[in-house]
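Contents: one structure, followed by commentary.
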Amino acid sequence: MHLSISETDLPSIKESLRKAHPNAKSSLRMEALARAVGFTTYAGLRARLDAGSVQVSVNDAAFCEHLKLASPSDDALRSLSRAIARAMLRSVLDAYPDLTLRGFDSIWQGDDRERAMPIPERQALLAERRREGYDDDWAADQFELAMIFLSRQRKIKTLNRKTGSYGLKHRAEGLSRHFGLFTHLGNYVANGMLIAAAYASGFTVRRIGFHSYNAFINISMETVRLARGHEGRSRRDDRRVVAEFYTKPDFRKVA
């Protein structure tokens, strides 16, 4: 269970589902949401949310079945998971206004061409990068893939300074290569989406430096190594180690 719903997420989830399924009644969409995350009714889900956020395992197929969608598209089949992931991502972006797909961002960063632009133009570019995180399906899916990766990682008491967010994003991308997850992303997870997923997963996050896009988090090097295979082994052994790590316990069910 790598996704969660809180009461404050509901407006964002409703908005996303309305855009994805404009012809379905609002009440039907909400009942389908409740069924797909393990509740009998939407009222039951709301009552549970009164006590705090709920960790959920999302059944997208059940959601589409309740909406009575005939031959749903790939986007329709992911619409609920994506709506929940987007709501979680928006909460992180609200809390951290310097976070974009690049990572920790500002108008003072970027290449020489960007830094030569007038400040209003740089501000517009930063606003657009923020909008991408809030609204793009691509960003929500990268965030969810990073959440799946981090759900298999162990937290430690101190920051791990041996690897940063940019290196960890490559480990999340490896899930696509090894297990065929989110293949439409082209084996890509943005640095900022890995950082956002770390915040959402309860990791401690610290920016590496004032002008750095990257972050250190309190992640166990042991589980990071298991997630990518052991250096010095053959490629076949690396694949075996990674497969064992992600198939026990219940990785495919979680993913």
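To be explicit about the labels: the chains of the structure tokens are called A, B, and onward in the order shown, and within each one the residues are counted from 1, while ligands get numbers from 1 in the order they are shown.
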Q) Could you pull out all residues of region 7-131 of chain A with a DSSP call of alpha helix (DSSP H) and give them as a ChimeraX atom specification? A) /A:10-20,26-36,42-49,60-66,74-77,79-95,112-115,119-131
(Q) Show me, as an NGL selection string, the residues that have an atom within 6 Å of region 139-146 of chain A when counting only C-alpha atoms, minus same-chain residues fewer than 4 positions from it. (A) :A and (85-86 or 133 or 172 or 189 or 193-194 or 197)
Q | Option closest in space to Ile195 (chain A), from A:Leu175, A:Leu3, A:Leu159, A:Leu99 [counting only C-alpha atoms] | A |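 Smallest distance to Ile195 (chain A) is found for A:Leu99.
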Q. What is the distance between CA of Arg171 (chain A) and CA of Leu150 (chain A), in Å to one decimal?
A.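 Distance reported for this atom pair: 9.6 Å.
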Any idea what's packed within 6 Å of Ala36 (chain A), counting only C-alpha atoms, ignoring anything in its chain fewer than 4 positions away? Could you give it as a CSV table (one decimal) with C-alpha atoms, in the first residue's frame?
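What ended up in selection.csv:
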chain,number,residue,atom,x,y,z
A,58,VAL,CA,-6.3,0.7,-5.4
A,59,ASN,CA,-8.2,-1.6,-7.6
A,62,ALA,CA,-13.0,-2.4,-10.0
A,63,PHE,CA,-13.3,1.4,-10.3
